[in-house]
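Worksheet: one structure, shown below.
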Amino acid sequence: MKRALAARPPAQRVLAAAAGALGIGLLAPWPGPQAALHAAFVFGLALDPESALLTAVWAAAGGWILEGSLRIYPHHGGTAWADMTLALAAWWLLREWAVDDLRAWMGRQAILAAVWIPAVHLAVRLAAGPHLWGSGWIWIALTLPAWSWLGWRWLRPAGR
Amino acid sequence: MARRASPWGWSPAGRRRWALILLWLGHGVWVLSGPDAGGAWRNAASTAERPVEALAAAWRGWRLRRAERATDLAAAQTELAALRQQVQALETAQLDAAPKLAEGAAAVQLLGLKQRLPLSTRAARVLLTPVGAPFGGLILDAGRDAGLTEDQGVLAPEGVVGRIWSVGATQSEVLPADAPNASIAVMLARSRATGVLQGLGSNQAAIRYLNNQEVVQAGEAVYTSGLDQVFPRGLLVGYVTEVKPGDLELQVKVALAAPLRRLPLALILPAQPPLEVQPPLVPKRNPGEAR
């Protein structure tokens with residue numbers, strides 16, 4: 001079920017992505033809100049419906065900024081890789097599988113997050129070695145309605 | 001009809017696609033390289049080159065074994081040749097040293113005899129031992145320069161040799177005990193009967209002037225009696241080998257104890273020694289020597 005999306009202007013997309021990335025960096029003292037913004041960024045602000053490459057670049061940038069702000073891993077890049085992968089998956093779903101219902105959208109975002117959180121952990125483990133889970137995943141789960149709604153409004157997957 | 005550009009070609013879409021793939025794969029490789037990226041690459045390289053290394057090691061081992069085989073044979077041949085030369089040199093040295101060793105052993109024995117005899121004796125080297133000469137004698141390397149005179153007794157560690165026959169300036173000639181014209185006053189060990197020893201040649205001698213009534217046994221030792229004033233009493237001369245009763249006297253053959261033809265050294269007794277000499281009961285010791 002493929003149909004054309006009413007994408008936002010490129011300048012808006014870039015500004016939104018940049019603002020999200022900046023916010024991830026600035027929220028480093030608050031890991032919980034940072035994790036929630038990170039999820040909103042990967043599954044919303046970083047997605048460029050017209051460019052998979054820009055989507056991957058912004059998602060990777062968000063991951064690098066997050067790990068750089070945390071400064072706890074000996075080898076960065078795991079979060080960026082997982083972000084890039086899941087953002088590309090979300091981008092493909094966004095293009096190929098339109099959703100008209102917010103609940104369905106939230107369910108899809110929940111499934112993506114459920115895959116993304118272990119993927120980030122696995123990628124960071126591969127890159128930097130064993131590490132703690134932390135409480136980020138709880139914040140992501142708890143704020144799922146908020147960041148998925150933000151993505152719903154920003155991406156307009158229903159084609160409004 | 002316009003030809004559609006391939007999405008994987010060198011078009012804007014293709015370049016974006018390749019950039020995306022490279023970006024994703026680059027991140028993946030970077031993540032999979034782990035914290036010790038250099039170590040991971042080294043491990044990967046080591047794993048990749050392991051078969052080649054095994055092949056190279058097998059090749060090196062084969063060449064080394066082959067070289068060792070060739071080297072071992074050459075080295076063994078070289079060592080064998082060197083050992084043969086060494087054996088020849090040792091045999092030559094042994095042959096060269098044999099007379100010296102024999103002379104050294106004789107010197108040790110002579111020194112023991114010299115220490116046992118309480119007389120002022122002198123050692124001399126035997127230069128020549130003529131074989132078969134009826135009146136031939138041993139040639140010593142001492143003469144008038146050593147104060148020798150005629151009729152001085154000559155001894156060997158094994159027994160009596162003879163007496164000095166003639167004295168030169170630096171050499172002297174010894175009349176051996178087995179010479180036909182040699183005579184030594186002797187006595188038998190068991191019967192104490194005395195007689196005169198006359199040479200028969202070939203290290204043999206006979207005792208003259210023994211009464212037929214004397215009881216002499218083969219194997220009996222014969223000593224000097226000291227009556228000739230050349231040898232003191234009690235020096236070993238030889239052993240009785242044959243005893244036969246004769247018409248007028250007992251015929252006794254004696255095998256001389258001293259090997260007259262194989263003497264490297266000899267001990268010269270003083271002229272007219274005393275009849276009786278008693279060897280010291282306790283060997284002389286140096287003042288500082290421990291008992």
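Residues are referred to by chain and number: the chain letter is A, B, ... according to the order shown in the structure tokens, the number counts from 1 in that chain, and ligands are numbered separately from 1 in the order shown.
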
Every residue of segment 129-280 of chain B that DSSP places in strand (DSSP E), as a ChimeraX atom specification: /B:138-140,153-156,159-167,172-176,183-188,194-201,204-208,221-224,236-245,250-256,265-268

Chain A contacts on chain B, only C-alpha atoms, 7 Å, as a ChimeraX atom specification: /B:16,20,24,27-28,31-35

Surrounding residues of segment 158-174 of chain B excluding itself and chain neighbours under 4 positions, 7 Å, only C-alpha atoms, as a PyMOL selection string: chain B and resi 137-145+148-154+235-237+257-258+260

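Excluding Trp147 of chain A itself and any same-chain residue fewer than 2 positions from it, the protein and nucleic acid residues within 8 Å of it, counting only C-alpha atoms, are Ala36, Leu37, Ala39, Ala40, Gly44, Thr143, Leu144, Pro145, Trp149, Leu150 and Gly151 of chain A.
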
Expected file: the selected residues, C-alpha atoms, as a tab-separated table (two decimals), in the first residue's frame:
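And here is the file that came out, part-v6.tsv:
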```
chain	number	residue	atom	x	y	z
A	36	ALA	CA	12.97	9.80	25.11
A	37	LEU	CA	14.19	12.54	22.76
A	39	ALA	CA	13.60	7.77	20.35
A	40	ALA	CA	11.65	10.70	18.97
A	44	GLY	CA	10.58	10.91	13.77
A	143	THR	CA	7.15	8.09	26.81
A	144	LEU	CA	6.12	6.01	23.84
A	145	PRO	CA	2.77	7.83	23.42
A	149	TRP	CA	2.53	11.16	18.66
A	150	LEU	CA	5.27	13.69	17.86
A	151	GLY	CA	6.37	11.52	14.96
```

Shortest interatomic distance to Leu86 of chain A - which of A:Pro157, A:Gly68, A:Gly107, A:Gly63, counting only C-alpha atoms: A:Gly63

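Reported to one decimal place, the separation of atom CA of Leu112 of chain A from atom CA of Gln34 of chain A is 18.1 Å.
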
Straight-line distance linking atom CA of Met187 of chain B with atom CA of Lys114 of chain B, stated in Å to one decimal: 22.4 Å

Please identify all polymer residues within 8 Å of Leu197 of chain B, counting only C-alpha atoms, omitting same-chain residues fewer than 2 positions from it, and present them as a CSV table (one decimal) with N, CA and C atoms, in the first residue's frame.
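Written file, selection.csv:
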```csv
chain,number,residue,atom,x,y,z
B,177,ALA,N,125.3,-60.5,33.0
B,177,ALA,CA,125.4,-61.8,33.8
B,177,ALA,C,125.3,-63.0,33.0
B,182,ALA,N,131.2,-64.1,32.3
B,182,ALA,CA,130.8,-63.4,33.5
B,182,ALA,C,130.8,-64.3,34.6
B,183,SER,N,131.0,-63.9,35.8
B,183,SER,CA,131.0,-64.7,37.0
B,183,SER,C,130.5,-63.8,38.2
B,184,ILE,N,129.5,-64.4,38.9
B,184,ILE,CA,129.0,-63.7,40.0
B,184,ILE,C,128.8,-64.7,41.2
B,185,ALA,N,129.3,-64.3,42.3
B,185,ALA,CA,129.1,-65.1,43.5
B,185,ALA,C,127.7,-65.1,44.0
B,186,VAL,N,127.1,-66.3,44.0
B,186,VAL,CA,125.7,-66.4,44.3
B,186,VAL,C,125.5,-67.5,45.4
B,195,GLY,N,127.9,-70.6,45.3
B,195,GLY,CA,128.5,-71.1,44.1
B,195,GLY,C,128.9,-69.9,43.2
B,199,GLY,N,127.6,-67.3,32.8
B,199,GLY,CA,126.6,-67.0,31.8
B,199,GLY,C,126.5,-68.1,30.8
B,205,ALA,N,121.9,-68.8,32.8
B,205,ALA,CA,123.2,-68.9,33.5
B,205,ALA,C,123.2,-70.3,34.2
B,206,ALA,N,124.4,-70.6,34.6
B,206,ALA,CA,124.6,-71.9,35.4
B,206,ALA,C,125.4,-71.6,36.7
B,207,ILE,N,125.0,-72.4,37.7
B,207,ILE,CA,125.8,-72.2,39.0
B,207,ILE,C,126.8,-73.3,39.1
B,208,ARG,N,128.0,-72.9,39.2
B,208,ARG,CA,129.1,-73.8,39.3
B,208,ARG,C,129.5,-74.1,40.7
```

Sel. of alpha helix (DSSP H) residues, segment 6-76 of chain A, as a VMD selection string: chain A and resid 10 to 26 31 to 40 52 to 70

Give me the residues within 7 Å of Trp139 of chain A as a JSON list (two decimals) with N, CA and C atoms, in the first residue's frame, counting only C-alpha atoms and dropping any in the same chain fewer than 3 places off.
```
[["chain", "number", "residue", "atom", "x", "y", "z"],
["A", 32, "GLY", "N", 17.24, 10.21, 31.20],
["A", 32, "GLY", "CA", 15.89, 9.75, 30.90],
["A", 32, "GLY", "C", 15.26, 10.57, 29.79],
["A", 35, "ALA", "N", 16.90, 9.93, 26.53],
["A", 35, "ALA", "CA", 16.52, 8.68, 25.85],
["A", 35, "ALA", "C", 15.18, 8.87, 25.13],
["A", 36, "ALA", "N", 14.26, 9.57, 25.76],
["A", 36, "ALA", "CA", 12.97, 9.80, 25.11],
["A", 36, "ALA", "C", 13.14, 10.64, 23.86],
["A", 135, "SER", "N", 18.47, 2.86, 32.57],
["A", 135, "SER", "CA", 17.01, 3.06, 32.67],
["A", 135, "SER", "C", 16.43, 3.74, 31.43],
["A", 136, "GLY", "N", 17.24, 3.88, 30.41],
["A", 136, "GLY", "CA", 16.77, 4.56, 29.21],
["A", 136, "GLY", "C", 15.60, 3.85, 28.56],
["A", 142, "LEU", "N", 7.92, 4.38, 28.60],
["A", 142, "LEU", "CA", 6.92, 5.22, 29.26],
["A", 142, "LEU", "C", 6.51, 6.41, 28.40],
["A", 143, "THR", "N", 7.46, 6.90, 27.62],
["A", 143, "THR", "CA", 7.15, 8.09, 26.81],
["A", 143, "THR", "C", 6.78, 7.71, 25.38]]
```

Exercise: Arg71 of chain A partners within 12 Å, only C-alpha atoms, chain neighbours under 6 positions left out, as number ranges by chain: A: 25, 28-29, 64-65, 77, 128
